[in-house]
$ cat structure16.cif   # mmCIF, C-alpha atoms
data_entry
#
loop_
_atom_site.label_atom_id
_atom_site.label_comp_id
_atom_site.auth_asym_id
_atom_site.auth_seq_id
_atom_site.Cartn_x
_atom_site.Cartn_y
_atom_site.Cartn_z
CA MET A 19 15.65 1.14 19.40
CA SER A 20 14.75 -1.85 21.43
CA ASP A 21 12.69 -1.89 24.59
CA GLY A 22 12.32 1.84 24.39
CA VAL A 23 15.94 2.87 24.89
CA ALA A 24 17.74 5.15 22.48
CA ALA A 25 20.40 3.55 20.33
CA ARG A 26 23.76 5.33 20.48
CA PRO A 27 27.07 4.01 19.17
CA LEU A 28 29.76 3.11 21.62
CA ALA A 29 32.68 5.43 22.04
CA PRO A 30 35.29 4.96 19.30
CA SER A 31 37.87 4.05 21.93
CA ALA A 32 35.88 1.05 23.15
CA PRO A 33 37.66 -2.22 22.42
CA SER A 34 36.28 -4.73 19.97
CA ASN A 35 35.08 -7.17 22.59
CA VAL A 36 32.72 -4.98 24.62
CA SER A 37 30.04 -7.62 24.66
CA VAL A 38 31.18 -9.64 27.64
CA ARG A 39 30.38 -9.55 31.32
CA THR A 40 32.35 -11.34 33.99
CA ASP A 41 31.18 -12.30 37.45
CA GLY A 42 31.23 -15.22 39.82
CA GLY A 43 28.14 -16.73 38.18
CA ALA A 44 29.91 -17.62 34.94
CA PRO A 45 30.33 -21.35 35.70
CA LEU A 46 26.65 -21.65 36.57
CA ARG A 47 25.62 -19.86 33.39
CA VAL A 48 27.87 -22.06 31.27
CA ALA A 49 26.46 -25.15 32.96
CA GLY A 50 22.94 -23.95 32.14
CA ALA A 51 23.92 -23.34 28.52
CA LEU A 52 25.46 -26.79 28.22
CA ALA A 53 22.36 -28.36 29.78
CA ILE A 54 20.12 -26.66 27.21
CA ALA A 55 22.41 -27.67 24.35
CA GLY A 56 22.47 -31.24 25.62
CA GLY A 57 18.70 -31.28 25.94
CA LEU A 58 18.31 -30.07 22.36
CA ALA A 59 20.73 -32.71 21.11
CA LEU A 60 18.92 -35.43 23.06
CA ALA A 61 15.53 -34.28 21.76
CA ALA A 62 16.78 -34.29 18.17
CA HIS A 63 18.28 -37.77 18.62
CA THR A 64 15.02 -39.06 20.12
CA LEU A 65 12.92 -37.57 17.33
CA ALA A 66 15.23 -39.01 14.68
CA GLY A 67 14.62 -42.48 16.09
CA GLU A 68 10.84 -42.21 15.78
CA PRO A 69 9.00 -43.29 12.60
CA GLY A 70 8.85 -40.24 10.34
CA GLY A 71 10.74 -38.16 12.88
CA GLY A 72 13.73 -37.35 10.71
CA ARG A 73 12.21 -34.11 9.40
CA LEU A 74 11.21 -33.05 12.90
CA ALA A 75 14.73 -33.70 14.19
CA LEU A 76 16.27 -31.68 11.38
CA SER A 77 13.82 -28.83 11.96
CA LEU A 78 14.79 -28.67 15.62
CA THR A 79 18.48 -28.78 14.71
CA PHE A 80 18.27 -26.05 12.08
CA GLY A 81 16.17 -23.90 14.40
CA ALA A 82 18.78 -24.22 17.14
CA LEU A 83 21.60 -23.34 14.77
CA PHE A 84 19.61 -20.39 13.43
CA GLY A 85 18.89 -19.08 16.93
CA PHE A 86 22.54 -19.41 17.93
CA VAL A 87 23.69 -17.47 14.86
CA LEU A 88 21.06 -14.75 15.33
CA GLN A 89 21.99 -14.21 18.98
CA ARG A 90 25.73 -14.31 18.45
CA SER A 91 25.72 -11.84 15.56
CA ARG A 92 22.75 -9.62 16.58
CA PHE A 93 21.23 -10.43 13.20
CA CYS A 94 18.10 -8.27 13.10
CA PHE A 95 16.67 -6.54 10.05
CA TYR A 96 15.31 -3.58 11.96
CA CYS A 97 18.34 -3.07 14.23
CA GLN A 98 20.75 -2.97 11.31
CA TRP A 99 18.48 -0.68 9.31
CA ARG A 100 18.09 1.64 12.30
CA ASP A 101 21.85 1.71 12.87
CA LEU A 102 22.26 2.96 9.31
CA LEU A 103 19.49 5.55 9.53
CA VAL A 104 20.30 6.95 12.97
CA THR A 105 24.03 6.50 13.49
CA GLY A 106 25.15 6.11 9.87
CA ASP A 107 26.72 2.71 10.59
CA PRO A 108 26.35 0.53 7.45
CA ARG A 109 28.04 -2.64 8.72
CA GLY A 110 24.86 -4.35 9.83
CA MET A 111 23.18 -3.83 6.48
CA LEU A 112 26.28 -5.19 4.78
CA GLY A 113 25.78 -8.32 6.88
CA ILE A 114 22.22 -8.65 5.59
CA LEU A 115 23.48 -8.26 2.02
CA ALA A 116 26.06 -10.99 2.73
CA ALA A 117 23.30 -13.32 3.91
CA LEU A 118 21.25 -12.69 0.78
CA ALA A 119 24.24 -13.14 -1.54
CA ALA A 120 25.29 -16.43 0.07
CA GLY A 121 21.72 -17.72 0.10
CA ILE A 122 21.03 -16.75 -3.51
CA ALA A 123 24.14 -18.60 -4.65
CA GLY A 124 23.24 -21.65 -2.56
CA TYR A 125 19.61 -21.71 -3.70
CA THR A 126 20.70 -21.44 -7.33
CA VAL A 127 22.76 -24.62 -6.98
CA VAL A 128 19.93 -26.48 -5.25
CA LEU A 129 17.20 -25.32 -7.63
CA GLY A 130 19.38 -26.00 -10.65
CA ALA A 131 19.74 -29.61 -9.52
CA TRP A 132 16.05 -30.04 -8.74
CA MET A 133 14.63 -28.21 -11.77
CA PRO A 134 17.22 -27.99 -14.55
CA ASP A 135 14.74 -26.16 -16.81
CA PRO A 136 13.02 -23.29 -14.94
CA SER A 137 11.10 -22.02 -17.97
CA GLY A 138 8.02 -24.20 -17.47
CA ALA A 139 4.88 -23.51 -15.48
CA ARG A 140 6.08 -25.28 -12.34
CA LEU A 141 7.52 -23.45 -9.35
CA PRO A 142 10.15 -24.83 -6.96
CA PRO A 143 8.68 -26.97 -4.16
CA ASP A 144 7.78 -25.04 -1.00
CA ALA A 145 9.72 -21.94 -2.06
CA HIS A 146 8.44 -18.57 -0.81
CA ILE A 147 7.21 -17.19 -4.13
CA GLY A 148 4.06 -15.10 -3.76
CA PRO A 149 1.79 -12.74 -5.67
CA VAL A 150 3.11 -9.25 -6.41
CA GLY A 151 0.69 -6.35 -6.13
CA PRO A 152 -0.51 -3.43 -4.00
CA VAL A 153 -1.53 -5.69 -1.10
CA LEU A 154 2.02 -7.03 -0.83
CA VAL A 155 3.37 -3.47 -0.70
CA LEU A 156 0.86 -2.59 2.00
CA ALA A 157 1.73 -5.70 3.99
CA GLY A 158 5.45 -4.92 3.82
CA ALA A 159 4.96 -1.31 4.90
CA VAL A 160 2.75 -2.31 7.83
CA PHE A 161 5.26 -4.98 8.86
CA GLY A 162 8.02 -2.36 8.75
CA ALA A 163 5.96 -0.02 10.93
CA GLY A 164 5.52 -2.86 13.40
CA MET A 165 9.28 -3.38 13.51
CA ALA A 166 9.89 0.28 14.30
CA ILE A 167 7.27 0.40 17.05
CA SER A 168 8.15 -2.90 18.73
CA GLY A 169 11.91 -2.60 18.15
CA SER A 170 12.49 -5.78 16.14
CA CYS A 171 11.20 -8.12 13.48
CA ILE A 172 9.50 -11.37 14.52
CA GLY A 173 12.65 -13.47 14.21
CA ALA A 174 14.62 -11.04 16.39
CA HIS A 175 11.85 -10.98 19.00
CA LEU A 176 12.15 -14.76 19.18
CA TYR A 177 15.87 -14.74 19.85
CA ARG A 178 15.50 -11.82 22.26
CA LEU A 179 12.91 -13.86 24.09
CA GLY A 180 15.84 -16.16 24.83
CA GLU A 181 17.84 -13.16 26.07
CA GLY A 182 15.10 -12.17 28.51
CA SER A 183 13.76 -9.16 26.62
CA PRO A 184 10.79 -7.61 28.47
CA THR A 185 9.23 -6.48 25.19
CA ALA A 186 9.46 -9.71 23.19
CA PRO A 187 6.68 -11.68 24.95
CA PHE A 188 4.16 -8.91 24.32
CA ALA A 189 5.34 -8.40 20.75
CA LEU A 190 4.83 -12.10 20.05
CA LEU A 191 1.41 -12.03 21.71
CA GLY A 192 0.54 -9.04 19.55
CA THR A 193 1.81 -10.94 16.51
CA GLY A 194 -0.69 -13.73 17.17
CA LEU A 195 -3.49 -11.18 17.47
CA GLY A 196 -2.29 -9.55 14.26
CA PHE A 197 -2.58 -12.85 12.43
CA ALA A 198 -6.17 -13.18 13.64
CA LEU A 199 -6.88 -9.66 12.36
CA GLY A 200 -5.21 -10.59 9.06
CA PHE A 201 -7.52 -13.58 8.64
CA ALA A 202 -10.51 -11.28 9.19
CA THR A 203 -9.38 -8.86 6.46
CA TRP A 204 -8.01 -11.43 4.00
CA ASN A 205 -11.09 -12.12 1.88
CA PRO A 206 -11.79 -8.49 0.81
CA LEU A 207 -8.12 -7.96 -0.05
CA TYR A 208 -7.94 -11.24 -1.94
CA LEU A 209 -11.03 -10.53 -4.02
CA ALA A 210 -10.01 -6.93 -4.70
CA SER A 211 -6.39 -7.48 -5.68
CA VAL A 212 -4.48 -10.59 -4.60
CA SER A 213 -6.46 -13.04 -6.75
CA GLU A 214 -5.31 -11.28 -9.93
CA ALA A 215 -1.76 -10.41 -8.84
CA PRO A 216 1.00 -12.15 -10.83
CA VAL A 217 3.35 -14.65 -9.21
CA LEU A 218 6.77 -13.72 -10.61
CA TRP A 219 9.80 -16.02 -10.42
CA LEU A 220 12.98 -14.53 -11.91
CA PRO A 221 14.63 -17.79 -13.13
CA ARG A 222 11.56 -18.48 -15.27
CA HIS A 223 12.24 -15.28 -17.22
CA LEU A 224 16.03 -14.87 -16.90
CA GLY A 225 17.22 -18.43 -16.36
CA TYR A 226 19.27 -19.42 -13.33
CA ALA A 227 22.44 -17.71 -14.53
CA GLY A 228 20.65 -14.49 -15.48
CA SER A 229 18.72 -14.40 -12.22
CA LEU A 230 21.88 -15.01 -10.20
CA VAL A 231 23.85 -12.32 -12.02
CA ALA A 232 21.02 -9.79 -11.76
CA ALA A 233 20.50 -10.39 -8.03
CA LEU A 234 24.20 -10.26 -7.20
CA ALA A 235 24.57 -7.10 -9.31
CA VAL A 236 21.85 -5.38 -7.28
CA LEU A 237 23.35 -6.55 -4.01
CA GLY A 238 26.81 -5.50 -5.17
CA ALA A 239 25.61 -2.01 -6.10
CA LEU A 240 23.95 -1.64 -2.70
CA ALA A 241 27.11 -2.88 -0.98
CA LEU A 242 29.23 -0.30 -2.82
CA LEU A 243 26.90 2.47 -1.66
CA LEU A 244 27.13 1.23 1.92
CA LEU A 245 30.91 0.79 1.80
CA ARG A 246 31.26 4.47 0.95
CA ARG A 247 29.64 5.27 4.27
CA LEU A 248 32.17 3.34 6.31
CA PRO A 249 34.10 5.79 8.53
CA ALA A 250 37.85 5.77 8.87
CA PRO A 251 39.17 2.78 10.85
CA GLU A 252 40.12 4.90 13.86
CA ALA A 253 36.55 6.25 14.04
CA VAL A 254 34.79 2.92 13.72
CA ALA A 255 33.14 1.34 16.76
CA PRO A 256 34.06 -2.32 17.20
CA PRO A 257 32.75 -4.92 14.73
CA GLY A 258 29.65 -6.59 16.06
CA HIS A 259 29.22 -3.81 18.64
CA LEU A 260 26.06 -3.47 20.66
CA SER A 261 24.12 -0.25 20.51
CA GLN A 262 23.16 1.35 23.80
CA SER A 263 19.70 -0.15 23.36
CA HIS A 264 21.12 -3.66 23.49
CA LEU A 265 23.43 -2.78 26.33
CA SER A 266 20.23 -2.03 28.20
CA GLN A 267 19.28 -5.67 27.83
CA SER A 268 22.73 -7.16 28.36
CA HIS A 269 24.21 -4.73 30.94
CA LEU A 270 27.61 -5.09 29.35
CA PRO A 271 30.68 -3.09 30.37
CA GLN A 272 32.47 -0.62 28.13
CA SER A 273 35.75 -2.56 28.14
CA HIS A 274 37.25 -5.98 28.66
CA PRO A 275 40.56 -7.73 28.06
CA PRO A 276 41.11 -9.09 24.54
CA PRO A 277 39.81 -12.58 23.73
CA THR A 278 42.25 -15.25 24.82
CA SER A 279 40.59 -18.44 23.60
CA PRO A 280 38.41 -19.83 20.81
CA TRP A 281 35.63 -20.26 23.41
CA HIS A 282 35.72 -16.52 24.12
CA ALA A 283 35.72 -15.63 20.43
CA VAL A 284 32.81 -17.93 19.56
CA PHE A 285 30.61 -17.91 22.64
CA VAL A 286 31.26 -14.57 24.35
CA VAL A 287 32.21 -11.80 21.94
CA ARG A 288 29.54 -10.63 19.52
CA TRP A 289 30.28 -11.82 16.00
CA PRO A 290 30.62 -9.32 13.16
CA VAL A 291 27.27 -9.16 11.36
CA TRP A 292 28.88 -10.12 8.06
CA LEU A 293 29.95 -13.43 9.62
CA GLY A 294 26.44 -13.99 10.92
CA GLY A 295 25.10 -13.13 7.48
CA LEU A 296 27.25 -15.72 5.75
CA ALA A 297 26.17 -18.29 8.32
CA VAL A 298 22.50 -17.42 7.77
CA GLY A 299 22.92 -17.82 4.01
CA ALA A 300 24.55 -21.23 4.44
CA LEU A 301 21.89 -22.37 6.91
CA ALA A 302 19.12 -21.19 4.60
CA THR A 303 20.53 -23.29 1.78
CA LEU A 304 20.97 -26.42 3.90
CA ALA A 305 17.54 -26.03 5.47
CA TYR A 306 15.85 -25.72 2.09
CA LEU A 307 17.77 -28.73 0.78
CA ARG A 308 16.80 -30.97 3.70
CA VAL A 309 13.58 -29.60 5.25
CA GLY A 310 12.18 -26.41 3.73
CA PRO A 311 12.79 -22.67 3.45
CA LEU A 312 13.61 -20.67 6.57
CA GLY A 313 10.54 -19.10 8.16
CA VAL A 314 9.31 -18.34 11.67
CA THR A 315 5.63 -17.53 11.28
CA ALA A 316 3.98 -20.73 10.02
CA GLU A 317 3.51 -22.07 13.54
CA ILE A 318 2.38 -18.71 14.94
CA GLY A 319 -0.05 -18.29 12.07
CA GLY A 320 -1.36 -21.84 12.25
CA ARG A 321 -1.98 -21.70 15.99
CA SER A 322 -3.58 -18.26 15.66
CA ARG A 323 -5.86 -19.60 12.95
CA GLN A 324 -6.77 -22.52 15.17
CA ALA A 325 -7.55 -20.22 18.12
CA ALA A 326 -9.53 -17.78 15.98
CA GLY A 327 -11.62 -20.64 14.67
CA ALA A 328 -12.24 -21.95 18.18
CA PHE A 329 -13.56 -18.55 19.26
CA GLY A 330 -15.68 -18.14 16.15
CA LEU A 331 -13.54 -15.28 14.82
CA LEU A 332 -12.40 -16.98 11.62
CA PRO A 333 -14.28 -16.44 8.34
CA GLU A 334 -16.07 -19.55 7.14
CA ARG A 335 -13.72 -19.63 4.18
CA LEU A 336 -10.37 -17.97 3.51
CA GLU A 337 -10.45 -17.42 -0.23
CA GLY A 338 -7.41 -18.82 -2.01
CA LEU A 339 -5.13 -18.52 1.01
CA ASP A 340 -4.04 -22.14 1.13
CA THR A 341 -3.16 -22.16 -2.57
CA PHE A 342 -0.26 -19.74 -2.13
CA ARG A 343 3.29 -20.57 -1.22
CA GLY A 344 4.95 -19.02 1.80
CA CYS A 345 4.57 -19.50 5.53
CA ALA A 346 1.55 -21.78 5.52
CA THR A 347 -1.06 -21.02 8.17
CA ALA A 348 -3.03 -24.26 8.08
CA VAL A 349 -4.63 -25.35 11.35
CA ARG A 350 -2.22 -27.52 13.35
CA ASP A 351 -3.63 -30.85 14.53
CA ALA A 352 -0.30 -32.36 15.59
CA VAL A 353 1.39 -31.30 18.81
CA LEU A 354 4.84 -31.32 17.20
CA THR A 355 5.28 -29.68 13.80
CA PRO A 356 8.43 -28.88 11.82
CA ASN A 357 8.04 -25.12 12.14
CA GLY A 358 7.03 -25.35 15.78
CA LEU A 359 10.20 -27.29 16.57
CA PHE A 360 12.23 -24.85 14.47
CA VAL A 361 10.92 -21.91 16.52
CA GLY A 362 11.38 -23.79 19.78
CA GLY A 363 14.96 -24.65 18.89
CA LEU A 364 15.60 -21.03 17.93
CA VAL A 365 14.43 -19.68 21.30
CA LEU A 366 16.20 -22.32 23.41
CA ALA A 367 19.49 -22.01 21.52
CA SER A 368 19.43 -18.22 21.82
CA LEU A 369 18.86 -18.67 25.56
CA ALA A 370 21.86 -21.01 25.76
CA ALA A 371 24.00 -18.58 23.77
CA ALA A 372 22.93 -15.64 25.94
CA LEU A 373 23.69 -17.60 29.12
CA ALA A 374 27.15 -18.59 27.91
CA ALA A 375 27.95 -14.98 26.98
CA GLY A 376 26.49 -13.45 30.13
CA GLN A 377 23.81 -11.71 28.07
CA PHE A 378 20.71 -13.24 29.63
CA ARG A 379 19.21 -10.32 31.52
CA PRO A 380 15.46 -10.69 32.12
CA ALA A 381 13.65 -7.61 33.40
CA LEU A 382 10.13 -6.62 34.35
CA PRO A 383 8.45 -4.77 31.47
CA THR A 384 7.45 -1.13 31.73
CA PRO A 385 4.01 0.02 30.55
CA GLY A 386 5.70 1.56 27.51
CA GLN A 387 7.38 -1.70 26.59
CA ILE A 388 4.10 -3.58 26.95
CA GLY A 389 2.24 -1.07 24.79
CA ARG A 390 4.88 -0.88 22.09
CA GLY A 391 5.18 -4.66 22.06
CA LEU A 392 1.45 -5.24 21.65
CA ILE A 393 0.87 -2.49 19.08
CA GLY A 394 4.01 -3.26 17.10
CA GLY A 395 3.33 -6.99 17.28
CA LEU A 396 -0.23 -6.48 16.01
CA LEU A 397 1.19 -4.73 12.94
CA LEU A 398 3.88 -7.39 12.52
CA GLY A 399 1.27 -10.16 12.60
CA TRP A 400 -1.08 -8.46 10.17
CA GLY A 401 1.75 -7.70 7.76
CA ALA A 402 3.16 -11.24 7.98
CA MET A 403 -0.23 -12.87 7.45
CA THR A 404 -1.18 -10.62 4.55
CA GLY A 405 2.29 -10.79 3.00
CA LEU A 406 2.42 -14.61 3.39
CA GLY A 407 5.49 -14.41 5.58
CA CYS A 408 7.81 -12.08 7.45
CA SER A 409 11.32 -10.70 7.03
CA VAL A 410 12.72 -14.24 7.30
CA GLY A 411 10.20 -16.04 5.08
CA THR A 412 8.96 -13.62 2.43
CA LEU A 413 12.03 -11.36 2.31
CA LEU A 414 15.03 -13.56 3.07
CA SER A 415 13.86 -16.94 1.74
CA GLY A 416 11.88 -15.31 -1.06
CA ILE A 417 14.79 -13.30 -2.45
CA MET A 418 17.09 -16.31 -2.17
CA ALA A 419 14.61 -18.35 -4.22
CA GLY A 420 14.41 -15.69 -6.93
CA ALA A 421 10.94 -14.40 -6.04
CA VAL A 422 10.09 -10.85 -7.07
CA SER A 423 7.71 -10.82 -4.10
CA GLY A 424 10.72 -10.96 -1.77
CA TRP A 425 12.25 -7.82 -3.26
CA VAL A 426 8.95 -5.93 -3.23
CA PHE A 427 8.14 -6.91 0.35
CA GLY A 428 11.66 -5.96 1.45
CA LEU A 429 11.56 -2.51 -0.14
CA ALA A 430 8.16 -1.80 1.39
CA LEU A 431 9.32 -3.14 4.76
CA PHE A 432 12.38 -0.89 4.96
CA ALA A 433 10.37 2.10 3.74
CA GLY A 434 7.66 1.49 6.32
CA ALA A 435 10.21 1.14 9.10
CA ALA A 436 12.07 4.30 8.05
CA GLY A 437 8.90 6.36 7.80
CA THR A 438 7.58 5.17 11.15
CA LEU A 439 10.94 5.76 12.83
CA TRP A 440 11.13 9.29 11.38
CA VAL A 441 7.64 10.20 12.55
CA GLY A 442 8.16 8.53 15.93
CA ARG A 443 11.41 10.35 16.61
CA ARG A 444 9.98 13.71 15.63
CA ALA A 445 7.02 13.12 17.92
CA ARG A 446 9.43 11.82 20.60
CA LEU A 447 7.52 8.57 20.77
CA LEU A 448 10.42 6.45 19.53
CA ALA A 449 14.05 6.70 20.54
#
$ encode --input "structure16.cif" --output "structure tokens"
Amino acid sequence: MSDGVAARPLAPSAPSNVSVRTDGGAPLRVAGALAIAGGLALAAHTLAGEPGGGRLALSLTFGALFGFVLQRSRFCFYCQWRDLLVTGDPRGMLGILAALAAGIAGYTVVLGAWMPDPSGARLPPDAHIGPVGPVLVLAGAVFGAGMAISGSCIGAHLYRLGEGSPTAPFALLGTGLGFALGFATWNPLYLASVSEAPVLWLPRHLGYAGSLVAALAVLGALALLLLRRLPAPEAVAPPGHLSQSHLSQSHLPQSHPPPTSPWHAVFVVRWPVWLGGLAVGALATLAYLRVGPLGVTAEIGGRSRQAAGAFGLLPERLEGLDTFRGCATAVRDAVLTPNGLFVGGLVLASLAAALAAGQFRPALPTPGQIGRGLIGGLLLGWGAMTGLGCSVGTLLSGIMAGAVSGWVFGLALFAGAAGTLWVGRRARLLA
């Protein structure tokens, strides 16, 4: 479900490249995409030439690459989970497992070089390793409920903002409000539970090799379960297909001639999710090596904290919050920040990718889309603030770094999304 339209698989006879639209406006769209790409490249080059601007330039670059990969492969935690639950299609979830496996392997190499002995008291720099306890489970479940109601996780709302989604702006606005609500409820939760919750890092207890083997074994077992659900080849909808919900945003036809060029294959046809997953895992490793872990909520949280303080809605003191790792929510004094540029690059690159593919289809929001966006976003923001990150930061980057908090948040997130989807469909509130 996205933007309130039921998700139904395409007919088995649909060809594998259903995700393209042709019209006389293609040259103009491509020109717009190239202009955006050129602007991003120029901005990164300019930032790199400024004193101390190297990190900002890399953040913008990695954000743009991340947004391009997300848009091209429809990489969305909720969409893939919903495809499995509703249509029985496991391919999207296999793509998520591919991203985690590639990232875990990459992180292990990086961490092994930085900290050869993981058994000490130190934790890897900047890694998303948080406290594990009941509050984390609650945060994950609430975040999952927000995904089901709004139709996406925060990262997917950002790339769909570039596609012209009518729901995404309201979901992101709700996310900011949810962060403010999370700041208001943080102190009681911290004093009751979070302050005493253990911070568990698997390499400290299993070593790098043991942690890698254990994580890949879990992912492998999950992949085997999903592979058993793959239908026969003649009954499988095309790899990287769009559900009817995403056709509602892209207005794509049911058929199109086969790809005839590398341009078509890369910039027009939807990538298989497994390919997007491998790309996400590689990007996560490179980003951590050069800038920091992938995450999309630090800027949203920091600006929300700044606004809440300006309106007198922020507690005088947020107990222990700034001592934890994860998507930091410190007040932003600078106009340009690494995470802000990362998010900006993500949105602009997804816009360029959508333009090139003919998938930029802005529409006026309906009252239902506005309501679901705001309510779902509020839950997303509260869950991300309380869980010290979202599906990209706490789940994806956390699991890659060997954090138990990533696994716990992920399990709670998928459970919360499944439960909310089940209730919503029975009540005919969700498609």
$ resolve_selection --input "structure16.cif" --expression "the PyMOL selection byres ((chain A and resi 73) around 10)" --output "number ranges by chain"
A: 62, 65-66, 70-72, 74-79, 308-310, 355-356
$ resolve_selection --input "structure16.cif" --expression "the PyMOL selection byres ((chain A and resi 421) around 9)" --output "ChimeraX atom specification"
/A:145-148,217-221,412-413,415-420,422-425
$ atom_distance --input "structure16.cif" --atom1 "atom CA of A:Ser368" --atom2 "atom CA of A:Phe95"
16.8 Å
$ residues_around --input "structure16.cif" --residues "A:Leu179" --least-positions-apart "6" --cutoff "10 Å" --atoms "only C-alpha atoms" --output "compact mmCIF listing (two decimals) with C-alpha atoms, keeping the file's coordinate frame"
# COMPACT_ATOMS: atom_id res chain seq x y z
CA GLY A 173 12.65 -13.47 14.21
CA THR A 185 9.23 -6.48 25.19
CA ALA A 186 9.46 -9.71 23.19
CA PRO A 187 6.68 -11.68 24.95
CA ALA A 189 5.34 -8.40 20.75
CA LEU A 190 4.83 -12.10 20.05
CA LEU A 364 15.60 -21.03 17.93
CA VAL A 365 14.43 -19.68 21.30
CA LEU A 366 16.20 -22.32 23.41
CA SER A 368 19.43 -18.22 21.82
CA LEU A 369 18.86 -18.67 25.56
CA PHE A 378 20.71 -13.24 29.63
CA PRO A 380 15.46 -10.69 32.12
$ closest_residue --input "structure16.cif" --among "A:Val150, A:Leu60, A:Val287, A:Leu248" --to "A:Ala374" --atoms "all atoms listed in the file"
A:Val287
$ resolve_selection --input "structure16.cif" --expression "the PyMOL selection byres ((chain A and resi 199) around 12)" --output "PDB file with C-alpha atoms, in the coordinates of the input"
ATOM      1  CA  GLY A 192       0.540  -9.040  19.550  1.00  0.00           C
ATOM      2  CA  THR A 193       1.810 -10.940  16.510  1.00  0.00           C
ATOM      3  CA  GLY A 194      -0.690 -13.730  17.170  1.00  0.00           C
ATOM      4  CA  LEU A 195      -3.490 -11.180  17.470  1.00  0.00           C
ATOM      5  CA  GLY A 196      -2.290  -9.550  14.260  1.00  0.00           C
ATOM      6  CA  PHE A 197      -2.580 -12.850  12.430  1.00  0.00           C
ATOM      7  CA  ALA A 198      -6.170 -13.180  13.640  1.00  0.00           C
ATOM      8  CA  GLY A 200      -5.210 -10.590   9.060  1.00  0.00           C
ATOM      9  CA  PHE A 201      -7.520 -13.580   8.640  1.00  0.00           C
ATOM     10  CA  ALA A 202     -10.510 -11.280   9.190  1.00  0.00           C
ATOM     11  CA  THR A 203      -9.380  -8.860   6.460  1.00  0.00           C
ATOM     12  CA  TRP A 204      -8.010 -11.430   4.000  1.00  0.00           C
ATOM     13  CA  ASN A 205     -11.090 -12.120   1.880  1.00  0.00           C
ATOM     14  CA  GLY A 319      -0.050 -18.290  12.070  1.00  0.00           C
ATOM     15  CA  SER A 322      -3.580 -18.260  15.660  1.00  0.00           C
ATOM     16  CA  ARG A 323      -5.860 -19.600  12.950  1.00  0.00           C
ATOM     17  CA  ALA A 326      -9.530 -17.780  15.980  1.00  0.00           C
ATOM     18  CA  LEU A 331     -13.540 -15.280  14.820  1.00  0.00           C
ATOM     19  CA  LEU A 332     -12.400 -16.980  11.620  1.00  0.00           C
ATOM     20  CA  PRO A 333     -14.280 -16.440   8.340  1.00  0.00           C
ATOM     21  CA  GLY A 395       3.330  -6.990  17.280  1.00  0.00           C
ATOM     22  CA  LEU A 396      -0.230  -6.480  16.010  1.00  0.00           C
ATOM     23  CA  LEU A 397       1.190  -4.730  12.940  1.00  0.00           C
ATOM     24  CA  LEU A 398       3.880  -7.390  12.520  1.00  0.00           C
ATOM     25  CA  GLY A 399       1.270 -10.160  12.600  1.00  0.00           C
ATOM     26  CA  TRP A 400      -1.080  -8.460  10.170  1.00  0.00           C
ATOM     27  CA  GLY A 401       1.750  -7.700   7.760  1.00  0.00           C
ATOM     28  CA  ALA A 402       3.160 -11.240   7.980  1.00  0.00           C
ATOM     29  CA  MET A 403      -0.230 -12.870   7.450  1.00  0.00           C
ATOM     30  CA  THR A 404      -1.180 -10.620   4.550  1.00  0.00           C
TER      31      THR A 404
END
$ closest_atom_pairs --input "structure16.cif" --of "stretch 317-372 of chain A" --to "stretch 41-52 of chain A" --cutoff "9 Å" --atoms "all atoms listed in the file" --output "tab-separated table"
residue	atom	partner	partner_atom	distance
A:Ala367	CA	A:Ala51	CA	8.4
A:Leu369	CA	A:Ala51	CA	7.5
A:Ala370	CA	A:Ala51	CA	4.2
A:Ala371	CA	A:Ala51	CA	6.7
A:Ala372	CA	A:Ala51	CA	8.2
$ closest_residue --input "structure16.cif" --among "A:Thr347, A:Ser91, A:Ser213, A:Ser183" --to "A:Arg379" --atoms "all atoms listed in the file"
A:Ser183
$ closest_residue --input "structure16.cif" --among "A:Leu242, A:Ile54, A:Leu301, A:Val212" --to "A:Ala157" --atoms "only C-alpha atoms"
A:Val212
$ residues_around --input "structure16.cif" --residues "A:Leu129" --least-positions-apart "2" --cutoff "12 Å" --atoms "all atoms listed in the file" --output "VMD selection string"
chain A and resid 121 to 127 131 to 136 141 to 145 221 to 222 225 to 227 229 to 230 303 306 to 307 418 to 420
$ atom_distance --input "structure16.cif" --atom1 "atom CA of A:Met111" --atom2 "atom CA of A:Cys408"
17.5 Å
$ atom_distance --input "structure16.cif" --atom1 "atom CA of A:Phe80" --atom2 "atom CA of A:Ile172"
17.3 Å
$ residues_around --input "structure16.cif" --residues "stretch 383-390 of chain A" --least-positions-apart "5" --cutoff "6 Å" --atoms "all atoms listed in the file" --output "list in words"
Asp21, Ile167, Ser168, Pro184, Thr185 and Phe188 of chain A
$ residues_around --input "structure16.cif" --residues "A:Ile114" --least-positions-apart "4" --cutoff "12 Å" --atoms "all atoms listed in the file" --output "PyMOL selection string"
chain A and resi 88+91-99+108-110+118-121+237+240-241+244+290-299+409-410+413-414+417+428
$ closest_residue --input "structure16.cif" --among "A:Glu337, A:Ala139, A:Leu103, A:Phe427" --to "A:Val160" --atoms "only C-alpha atoms"
A:Phe427
$ closest_residue --input "structure16.cif" --among "A:Gly434, A:Val284, A:His223, A:Trp440" --to "A:Ser137" --atoms "all atoms listed in the file"
A:His223
